[in-house]
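> Here's a structure for you.
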Amino acid sequence: MFIETETTPNPSSLKFLPGRTVMSSGTREFASPEAAEASPLAQALFDTGEVVNVFYGWDFVTVTAAPGSDWSALKPQVASILLDHFVSEAPLFAGGSAGDIAVPPEAEMAVEDREEDAEVIASINELLETRVRPAVAGDGGDIAYRGFSDGVVYLTLQGACAGCPSSTATLKQGIESLLKHYVPEVVEVRAA
């Protein structure tokens with residue numbers, strides 16, 4: 001087995017591709033060692049002491065290094081942990097965890113959607129699924145819808161996209177422009 005790596009727009013994050021499915025559905029982010037307890041793989045990556053975020057996508061794992069960490073030393077260590085995990089076919093999540101269908105606590109809505117906005121919200125989510133999510137997954141991340149209220153769409157960037165120097169530009173110039181173009185009810189996009 002060979003694990004490929006790709007750079008991301010976030011210089012602190014690398015995307016690791018094990019050549020197989022990581023998450024059969026959805027995505028999952030671990031932003032702390034405590035959150036990583038749900039996954040032996042994420043926990044092993046945090047145990048290096050140099051990892052601050054682990055993100056599972058469909059066919060990749062994005063790892064974010066702590067400030068001051070040296071990727072030239074950390075990259076082989078992370079690749080080794082991933083290789084050991086996937087070769088052994090160990091479960092991705094701990095026994096008591098619901099795994100990739102579980103909704104982590106950070107997935108809560110920023111604002112409650114109103115029933116009268118259902119058509120607008122459906123249009124927003126369709127655009128996120130078909131145009132935005134594939135692009136951010138290519139960069140080692142994901143985007144999560146967190147609500148729509150009074151013309152404002154609330155989104156959370158995850159994985160390599162969280163904390164990326166260009167994340168504000170991605171939200172404002174990229175995603176906001178796209179949503180405003182196709183959904184006239186959208187006036188702004190905010191990070192949630």
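Ordering of the structure tokens sets the chain letters (A, B, ...), residue numbers begin anew at 1 in every chain, and ligands are numbered from 1 in the order given.
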When DSSP works through the backbone of this structure, what residues of chain A end up as strand (DSSP E), shown as a ChimeraX atom specification?
/A:4-7,13-17,28-30,51-56,61-65,141-149,152-159,188-191
> May I have the selected residues written with N, CA and C atoms, as a short mmCIF file (atom, residue, chain, number, x, y, z; two decimals), in the first residue's frame?

```cif
data_model
loop_
_atom_site.label_atom_id
_atom_site.label_comp_id
_atom_site.auth_asym_id
_atom_site.auth_seq_id
_atom_site.Cartn_x
_atom_site.Cartn_y
_atom_site.Cartn_z
N GLU A 4 -0.39 8.53 -0.86
CA GLU A 4 0.02 9.75 -1.55
C GLU A 4 -0.27 10.96 -0.66
N THR A 5 0.45 12.04 -0.91
CA THR A 5 0.16 13.29 -0.21
C THR A 5 -0.02 14.40 -1.23
N GLU A 6 -0.83 15.36 -0.85
CA GLU A 6 -1.04 16.55 -1.66
C GLU A 6 -0.96 17.76 -0.75
N THR A 7 -0.40 18.82 -1.28
CA THR A 7 -0.42 20.07 -0.52
C THR A 7 -1.82 20.65 -0.60
N SER A 13 -1.50 22.38 6.61
CA SER A 13 -2.23 21.13 6.39
C SER A 13 -1.72 20.37 5.18
N LEU A 14 -1.70 19.05 5.30
CA LEU A 14 -1.41 18.16 4.18
C LEU A 14 -2.58 17.19 4.03
N LYS A 15 -2.84 16.83 2.78
CA LYS A 15 -3.90 15.88 2.45
C LYS A 15 -3.24 14.55 2.14
N PHE A 16 -3.66 13.49 2.86
CA PHE A 16 -3.12 12.15 2.68
C PHE A 16 -4.17 11.28 2.02
N LEU A 17 -3.79 10.61 0.93
CA LEU A 17 -4.71 9.77 0.15
C LEU A 17 -4.28 8.32 0.24
N ARG A 28 -15.82 13.93 8.83
CA ARG A 28 -15.69 14.05 10.29
C ARG A 28 -14.41 14.81 10.61
N GLU A 29 -14.52 15.77 11.50
CA GLU A 29 -13.38 16.58 11.90
C GLU A 29 -13.12 16.41 13.39
N PHE A 30 -11.84 16.37 13.73
CA PHE A 30 -11.40 16.28 15.12
C PHE A 30 -10.49 17.46 15.37
N VAL A 51 0.08 17.55 16.06
CA VAL A 51 -1.12 17.64 15.23
C VAL A 51 -2.20 18.38 16.00
N VAL A 52 -2.86 19.33 15.32
CA VAL A 52 -3.92 20.11 15.97
C VAL A 52 -5.29 19.90 15.33
N ASN A 53 -5.35 19.19 14.19
CA ASN A 53 -6.64 18.93 13.55
C ASN A 53 -6.49 17.73 12.63
N VAL A 54 -7.52 16.87 12.65
CA VAL A 54 -7.58 15.72 11.75
C VAL A 54 -8.96 15.76 11.11
N PHE A 55 -8.99 15.59 9.80
CA PHE A 55 -10.25 15.65 9.06
C PHE A 55 -10.34 14.44 8.13
N TYR A 56 -11.47 13.70 8.21
CA TYR A 56 -11.70 12.56 7.34
C TYR A 56 -12.67 12.95 6.24
N VAL A 61 -7.47 11.87 4.24
CA VAL A 61 -7.33 12.34 5.62
C VAL A 61 -6.48 13.61 5.53
N THR A 62 -7.01 14.71 6.05
CA THR A 62 -6.24 15.94 6.10
C THR A 62 -5.74 16.13 7.52
N VAL A 63 -4.46 16.42 7.64
CA VAL A 63 -3.83 16.59 8.95
C VAL A 63 -3.25 18.00 9.01
N THR A 64 -3.56 18.70 10.09
CA THR A 64 -3.04 20.06 10.30
C THR A 64 -2.01 20.01 11.41
N ALA A 65 -0.83 20.52 11.10
CA ALA A 65 0.28 20.53 12.06
C ALA A 65 0.18 21.74 12.98
N GLY A 141 -10.63 19.74 2.47
CA GLY A 141 -11.57 20.20 3.49
C GLY A 141 -13.01 19.91 3.13
N ASP A 142 -13.88 20.59 3.81
CA ASP A 142 -15.32 20.47 3.57
C ASP A 142 -15.97 21.75 4.05
N ILE A 143 -17.24 21.87 3.74
CA ILE A 143 -18.02 23.01 4.18
C ILE A 143 -19.31 22.49 4.78
N ALA A 144 -19.73 23.07 5.88
CA ALA A 144 -20.95 22.64 6.55
C ALA A 144 -21.93 23.79 6.62
N TYR A 145 -23.15 23.52 6.21
CA TYR A 145 -24.24 24.49 6.29
C TYR A 145 -24.68 24.62 7.74
N ARG A 146 -24.79 25.85 8.24
CA ARG A 146 -25.18 26.08 9.63
C ARG A 146 -26.42 26.95 9.80
N GLY A 147 -27.06 27.32 8.67
CA GLY A 147 -28.31 28.03 8.78
C GLY A 147 -28.44 29.18 7.79
N PHE A 148 -29.69 29.67 7.67
CA PHE A 148 -30.01 30.80 6.81
C PHE A 148 -31.04 31.65 7.52
N SER A 149 -30.76 32.94 7.61
CA SER A 149 -31.69 33.86 8.27
C SER A 149 -31.50 35.26 7.72
N VAL A 152 -28.77 35.94 5.24
CA VAL A 152 -27.41 35.56 5.62
C VAL A 152 -27.31 34.03 5.69
N VAL A 153 -26.31 33.48 4.98
CA VAL A 153 -26.02 32.05 5.03
C VAL A 153 -24.85 31.86 5.98
N TYR A 154 -25.01 30.94 6.93
CA TYR A 154 -23.96 30.64 7.90
C TYR A 154 -23.31 29.31 7.52
N LEU A 155 -21.99 29.33 7.36
CA LEU A 155 -21.23 28.15 6.94
C LEU A 155 -20.01 27.97 7.82
N THR A 156 -19.54 26.74 7.93
CA THR A 156 -18.31 26.44 8.64
C THR A 156 -17.37 25.71 7.70
N LEU A 157 -16.16 26.24 7.56
CA LEU A 157 -15.13 25.55 6.78
C LEU A 157 -14.43 24.55 7.70
N GLN A 158 -14.12 23.36 7.16
CA GLN A 158 -13.51 22.30 7.95
C GLN A 158 -12.26 21.78 7.28
N GLY A 159 -11.49 21.00 8.02
CA GLY A 159 -10.28 20.39 7.48
C GLY A 159 -9.24 21.44 7.15
N GLU A 188 -25.49 37.76 2.03
CA GLU A 188 -24.18 37.66 2.68
C GLU A 188 -23.93 36.23 3.12
N VAL A 189 -22.64 35.86 3.20
CA VAL A 189 -22.22 34.58 3.77
C VAL A 189 -21.32 34.90 4.95
N ARG A 190 -21.57 34.25 6.08
CA ARG A 190 -20.75 34.45 7.28
C ARG A 190 -20.24 33.12 7.80
N ALA A 191 -19.05 33.16 8.36
CA ALA A 191 -18.48 31.99 9.02
C ALA A 191 -19.22 31.76 10.33
#
```
> Skip segment 38-41 of chain A itself and residues of its chain fewer than 3 positions away, then list as a ChimeraX atom specification all residues within 10 Å of it, counting only C-alpha atoms.
/A:30,33-35,44-47,54,81-82,84-86,90-99
> Enter the distance from atom CA of Ile175 of chain A to atom CA of Arg131 of chain A, in Å, rounded to one decimal.
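Atom CA of Arg131 of chain A lies at a distance of 9.3 Å from atom CA of Ile175 of chain A.
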> At what distance in Å, to one decimal, does atom CA of Asn10 of chain A lie from atom CA of Ser177 of chain A?
21.6 Å
> I need the residues of chain A that end up classed as helix (DSSP H, G or I) by DSSP on the backbone, written out as a compact mmCIF listing (two decimals) with N, CA, C and O atoms, in the first residue's frame.

```
# COMPACT_ATOMS: atom_id res chain seq x y z
N PRO A 33 -7.61 16.82 21.01
CA PRO A 33 -7.33 15.45 21.43
C PRO A 33 -8.55 14.78 22.08
O PRO A 33 -8.76 13.58 21.92
N GLU A 34 -9.36 15.57 22.77
CA GLU A 34 -10.56 15.02 23.41
C GLU A 34 -11.55 14.52 22.36
O GLU A 34 -12.13 13.44 22.49
N ALA A 35 -11.75 15.29 21.31
CA ALA A 35 -12.65 14.87 20.24
C ALA A 35 -12.10 13.63 19.53
O ALA A 35 -12.86 12.76 19.10
N ALA A 36 -10.78 13.53 19.43
CA ALA A 36 -10.14 12.42 18.73
C ALA A 36 -10.30 11.09 19.45
O ALA A 36 -10.05 10.04 18.86
N PRO A 40 -9.57 5.83 17.00
CA PRO A 40 -8.19 5.43 17.31
C PRO A 40 -7.16 6.04 16.35
O PRO A 40 -6.06 6.40 16.76
N LEU A 41 -7.53 6.18 15.08
CA LEU A 41 -6.61 6.77 14.11
C LEU A 41 -6.35 8.24 14.41
O LEU A 41 -5.20 8.68 14.48
N ALA A 42 -7.42 9.00 14.63
CA ALA A 42 -7.25 10.42 14.96
C ALA A 42 -6.46 10.58 16.26
O ALA A 42 -5.59 11.44 16.37
N GLN A 43 -6.75 9.72 17.22
CA GLN A 43 -6.05 9.78 18.50
C GLN A 43 -4.55 9.51 18.32
O GLN A 43 -3.71 10.21 18.89
N ALA A 44 -4.21 8.55 17.48
CA ALA A 44 -2.80 8.24 17.23
C ALA A 44 -2.10 9.43 16.56
O ALA A 44 -0.94 9.73 16.87
N LEU A 45 -2.80 10.13 15.69
CA LEU A 45 -2.22 11.30 15.04
C LEU A 45 -2.02 12.43 16.04
O LEU A 45 -0.97 13.08 16.06
N PHE A 46 -2.99 12.66 16.91
CA PHE A 46 -2.84 13.68 17.95
C PHE A 46 -1.73 13.32 18.93
O PHE A 46 -1.05 14.19 19.47
N TRP A 71 6.98 19.98 8.76
CA TRP A 71 6.35 18.92 7.99
C TRP A 71 7.36 17.91 7.47
O TRP A 71 7.02 16.74 7.27
N SER A 72 8.60 18.31 7.24
CA SER A 72 9.57 17.34 6.73
C SER A 72 9.81 16.22 7.74
O SER A 72 10.09 15.08 7.35
N ALA A 73 9.70 16.51 9.01
CA ALA A 73 9.84 15.48 10.05
C ALA A 73 8.50 14.80 10.37
O ALA A 73 8.45 13.60 10.64
N LEU A 74 7.42 15.58 10.32
CA LEU A 74 6.11 15.05 10.71
C LEU A 74 5.47 14.19 9.61
O LEU A 74 4.80 13.20 9.92
N LYS A 75 5.67 14.54 8.36
CA LYS A 75 5.03 13.84 7.24
C LYS A 75 5.29 12.33 7.25
O LYS A 75 4.34 11.54 7.15
N PRO A 76 6.53 11.86 7.41
CA PRO A 76 6.74 10.41 7.43
C PRO A 76 6.09 9.74 8.65
O PRO A 76 5.61 8.61 8.56
N GLN A 77 6.05 10.44 9.75
CA GLN A 77 5.42 9.90 10.96
C GLN A 77 3.91 9.73 10.73
O GLN A 77 3.34 8.69 11.06
N VAL A 78 3.27 10.75 10.16
CA VAL A 78 1.83 10.68 9.87
C VAL A 78 1.57 9.58 8.84
O VAL A 78 0.64 8.77 9.01
N ALA A 79 2.36 9.53 7.79
CA ALA A 79 2.18 8.50 6.76
C ALA A 79 2.30 7.10 7.36
O ALA A 79 1.53 6.19 7.01
N SER A 80 3.23 6.91 8.27
CA SER A 80 3.41 5.62 8.92
C SER A 80 2.19 5.24 9.76
O SER A 80 1.74 4.08 9.72
N ILE A 81 1.66 6.19 10.51
CA ILE A 81 0.46 5.93 11.32
C ILE A 81 -0.71 5.55 10.41
O ILE A 81 -1.45 4.59 10.68
N LEU A 82 -0.89 6.30 9.33
CA LEU A 82 -1.98 6.02 8.39
C LEU A 82 -1.78 4.65 7.73
O LEU A 82 -2.73 3.87 7.62
N LEU A 83 -0.57 4.35 7.31
CA LEU A 83 -0.27 3.07 6.68
C LEU A 83 -0.58 1.92 7.62
O LEU A 83 -1.27 0.96 7.24
N ASP A 84 -0.11 2.00 8.85
CA ASP A 84 -0.38 0.95 9.84
C ASP A 84 -1.89 0.76 10.03
O ASP A 84 -2.37 -0.37 10.09
N HIS A 85 -2.59 1.85 10.11
CA HIS A 85 -4.04 1.77 10.32
C HIS A 85 -4.75 1.08 9.16
O HIS A 85 -5.52 0.15 9.35
N PHE A 86 -4.49 1.56 7.94
CA PHE A 86 -5.21 1.03 6.79
C PHE A 86 -4.77 -0.39 6.41
O PHE A 86 -5.61 -1.19 6.00
N VAL A 87 -3.52 -0.72 6.57
CA VAL A 87 -3.05 -2.08 6.28
C VAL A 87 -3.67 -3.07 7.26
O VAL A 87 -4.07 -4.17 6.89
N SER A 88 -3.80 -2.68 8.51
CA SER A 88 -4.38 -3.57 9.52
C SER A 88 -5.90 -3.65 9.43
O SER A 88 -6.52 -4.48 10.10
N GLY A 99 -19.63 6.32 14.59
CA GLY A 99 -18.79 6.43 13.40
C GLY A 99 -19.16 7.54 12.46
O GLY A 99 -19.51 8.62 12.86
N ASP A 100 -19.11 7.20 11.14
CA ASP A 100 -19.25 8.25 10.16
C ASP A 100 -20.67 8.76 9.98
O ASP A 100 -20.89 9.68 9.21
N ILE A 101 -21.64 8.19 10.69
CA ILE A 101 -22.98 8.75 10.60
C ILE A 101 -23.28 9.64 11.81
O ILE A 101 -24.31 10.28 11.85
N PRO A 105 -20.87 17.42 17.93
CA PRO A 105 -21.53 18.54 18.57
C PRO A 105 -21.32 19.86 17.84
O PRO A 105 -22.20 20.70 17.83
N GLU A 106 -20.17 20.04 17.19
CA GLU A 106 -19.92 21.31 16.51
C GLU A 106 -20.80 21.48 15.27
O GLU A 106 -20.78 22.52 14.64
N ALA A 107 -21.56 20.45 14.90
CA ALA A 107 -22.42 20.52 13.72
C ALA A 107 -23.75 21.19 14.00
O ALA A 107 -24.62 21.22 13.15
N GLU A 115 -39.39 27.62 8.22
CA GLU A 115 -40.10 26.82 7.23
C GLU A 115 -40.38 27.60 5.95
O GLU A 115 -40.30 27.06 4.85
N GLU A 116 -40.66 28.89 6.07
CA GLU A 116 -40.96 29.70 4.89
C GLU A 116 -39.73 29.90 3.98
O GLU A 116 -39.86 30.33 2.84
N ASP A 117 -38.55 29.58 4.47
CA ASP A 117 -37.32 29.68 3.68
C ASP A 117 -36.91 28.35 3.05
O ASP A 117 -35.81 28.23 2.50
N ALA A 118 -37.77 27.35 3.12
CA ALA A 118 -37.41 25.98 2.70
C ALA A 118 -36.89 25.92 1.26
O ALA A 118 -35.90 25.24 0.99
N GLU A 119 -37.53 26.62 0.32
CA GLU A 119 -37.08 26.57 -1.08
C GLU A 119 -35.70 27.21 -1.25
O GLU A 119 -34.86 26.68 -1.97
N VAL A 120 -35.50 28.34 -0.59
CA VAL A 120 -34.21 29.03 -0.66
C VAL A 120 -33.12 28.14 -0.06
O VAL A 120 -32.04 27.98 -0.65
N ILE A 121 -33.40 27.54 1.08
CA ILE A 121 -32.43 26.67 1.75
C ILE A 121 -32.10 25.45 0.88
O ILE A 121 -30.94 25.05 0.78
N ALA A 122 -33.11 24.90 0.22
CA ALA A 122 -32.87 23.77 -0.68
C ALA A 122 -31.94 24.18 -1.82
O ALA A 122 -31.03 23.43 -2.19
N SER A 123 -32.15 25.36 -2.37
CA SER A 123 -31.28 25.86 -3.45
C SER A 123 -29.85 26.07 -2.95
O SER A 123 -28.88 25.71 -3.63
N ILE A 124 -29.72 26.64 -1.76
CA ILE A 124 -28.40 26.87 -1.17
C ILE A 124 -27.67 25.53 -0.99
O ILE A 124 -26.52 25.38 -1.38
N ASN A 125 -28.36 24.57 -0.39
CA ASN A 125 -27.74 23.27 -0.13
C ASN A 125 -27.40 22.53 -1.41
O ASN A 125 -26.37 21.85 -1.48
N GLU A 126 -28.21 22.66 -2.46
CA GLU A 126 -27.90 22.02 -3.73
C GLU A 126 -26.61 22.61 -4.32
O GLU A 126 -25.74 21.89 -4.80
N LEU A 127 -26.48 23.94 -4.28
CA LEU A 127 -25.26 24.58 -4.77
C LEU A 127 -24.04 24.17 -3.94
O LEU A 127 -22.96 23.93 -4.49
N LEU A 128 -24.21 24.10 -2.63
CA LEU A 128 -23.10 23.68 -1.77
C LEU A 128 -22.66 22.25 -2.13
O LEU A 128 -21.46 21.97 -2.23
N GLU A 129 -23.62 21.36 -2.34
CA GLU A 129 -23.32 19.96 -2.65
C GLU A 129 -22.68 19.79 -4.02
O GLU A 129 -21.74 19.02 -4.18
N THR A 130 -23.21 20.49 -5.02
CA THR A 130 -22.78 20.24 -6.39
C THR A 130 -21.59 21.09 -6.84
O THR A 130 -20.81 20.65 -7.68
N ARG A 131 -21.43 22.29 -6.29
CA ARG A 131 -20.38 23.18 -6.78
C ARG A 131 -19.30 23.49 -5.75
O ARG A 131 -18.14 23.62 -6.10
N VAL A 132 -19.70 23.67 -4.50
CA VAL A 132 -18.73 24.11 -3.49
C VAL A 132 -18.02 22.93 -2.85
O VAL A 132 -16.78 22.91 -2.78
N ARG A 133 -18.77 21.96 -2.37
CA ARG A 133 -18.17 20.84 -1.64
C ARG A 133 -17.10 20.10 -2.46
O ARG A 133 -16.03 19.81 -1.93
N PRO A 134 -17.32 19.81 -3.75
CA PRO A 134 -16.24 19.16 -4.50
C PRO A 134 -14.96 20.00 -4.57
O PRO A 134 -13.86 19.45 -4.51
N ALA A 135 -15.11 21.30 -4.68
CA ALA A 135 -13.92 22.17 -4.76
C ALA A 135 -13.15 22.19 -3.45
O ALA A 135 -11.93 22.07 -3.44
N VAL A 136 -13.86 22.33 -2.33
CA VAL A 136 -13.14 22.38 -1.05
C VAL A 136 -12.60 21.00 -0.66
O VAL A 136 -11.57 20.91 -0.01
N ALA A 137 -13.26 19.92 -1.10
CA ALA A 137 -12.72 18.58 -0.85
C ALA A 137 -11.41 18.40 -1.61
O ALA A 137 -10.48 17.77 -1.11
N GLY A 138 -11.33 18.99 -2.79
CA GLY A 138 -10.08 18.93 -3.55
C GLY A 138 -8.93 19.60 -2.83
O GLY A 138 -7.77 19.27 -3.03
N SER A 167 -9.13 31.51 3.69
CA SER A 167 -10.50 31.09 4.00
C SER A 167 -11.50 32.24 3.90
O SER A 167 -12.62 32.05 3.45
N THR A 168 -11.12 33.44 4.31
CA THR A 168 -12.03 34.57 4.20
C THR A 168 -12.33 34.87 2.74
O THR A 168 -13.48 35.11 2.37
N ALA A 169 -11.32 34.82 1.90
CA ALA A 169 -11.53 35.04 0.47
C ALA A 169 -12.41 33.94 -0.12
O ALA A 169 -13.27 34.21 -0.95
N THR A 170 -12.19 32.71 0.31
CA THR A 170 -13.01 31.59 -0.17
C THR A 170 -14.47 31.84 0.16
O THR A 170 -15.35 31.71 -0.69
N LEU A 171 -14.75 32.23 1.42
CA LEU A 171 -16.13 32.48 1.82
C LEU A 171 -16.72 33.68 1.11
O LEU A 171 -17.82 33.61 0.57
N LYS A 172 -16.02 34.80 1.13
CA LYS A 172 -16.58 36.05 0.62
C LYS A 172 -16.56 36.15 -0.90
O LYS A 172 -17.57 36.46 -1.50
N GLN A 173 -15.41 35.96 -1.51
CA GLN A 173 -15.33 36.16 -2.94
C GLN A 173 -15.78 34.95 -3.74
O GLN A 173 -16.30 35.08 -4.83
N GLY A 174 -15.59 33.78 -3.18
CA GLY A 174 -15.96 32.57 -3.90
C GLY A 174 -17.39 32.14 -3.64
O GLY A 174 -18.27 32.25 -4.49
N ILE A 175 -17.62 31.65 -2.44
CA ILE A 175 -18.92 31.06 -2.11
C ILE A 175 -20.02 32.11 -2.07
O ILE A 175 -21.10 31.90 -2.63
N GLU A 176 -19.76 33.25 -1.45
CA GLU A 176 -20.79 34.30 -1.38
C GLU A 176 -21.19 34.76 -2.78
O GLU A 176 -22.38 34.88 -3.08
N SER A 177 -20.22 34.98 -3.64
CA SER A 177 -20.53 35.42 -5.02
C SER A 177 -21.37 34.38 -5.74
O SER A 177 -22.34 34.72 -6.43
N LEU A 178 -21.01 33.11 -5.61
CA LEU A 178 -21.75 32.04 -6.26
C LEU A 178 -23.19 31.98 -5.76
O LEU A 178 -24.14 31.95 -6.56
N LEU A 179 -23.36 31.99 -4.44
CA LEU A 179 -24.71 31.89 -3.87
C LEU A 179 -25.55 33.11 -4.24
O LEU A 179 -26.74 32.96 -4.59
N LYS A 180 -24.98 34.30 -4.18
CA LYS A 180 -25.73 35.51 -4.54
C LYS A 180 -26.16 35.48 -6.01
O LYS A 180 -27.24 35.94 -6.35
N HIS A 181 -25.31 34.93 -6.86
CA HIS A 181 -25.62 34.87 -8.29
C HIS A 181 -26.83 33.96 -8.55
O HIS A 181 -27.71 34.30 -9.32
N TYR A 182 -26.84 32.78 -7.92
CA TYR A 182 -27.89 31.80 -8.18
C TYR A 182 -29.10 31.89 -7.26
O TYR A 182 -30.17 31.39 -7.60
```
> Between A:Asp59, A:Ile3, A:Thr8, A:Gly26, single out the one closest to Gly163 of chain A, counting only C-alpha atoms.
A:Thr8
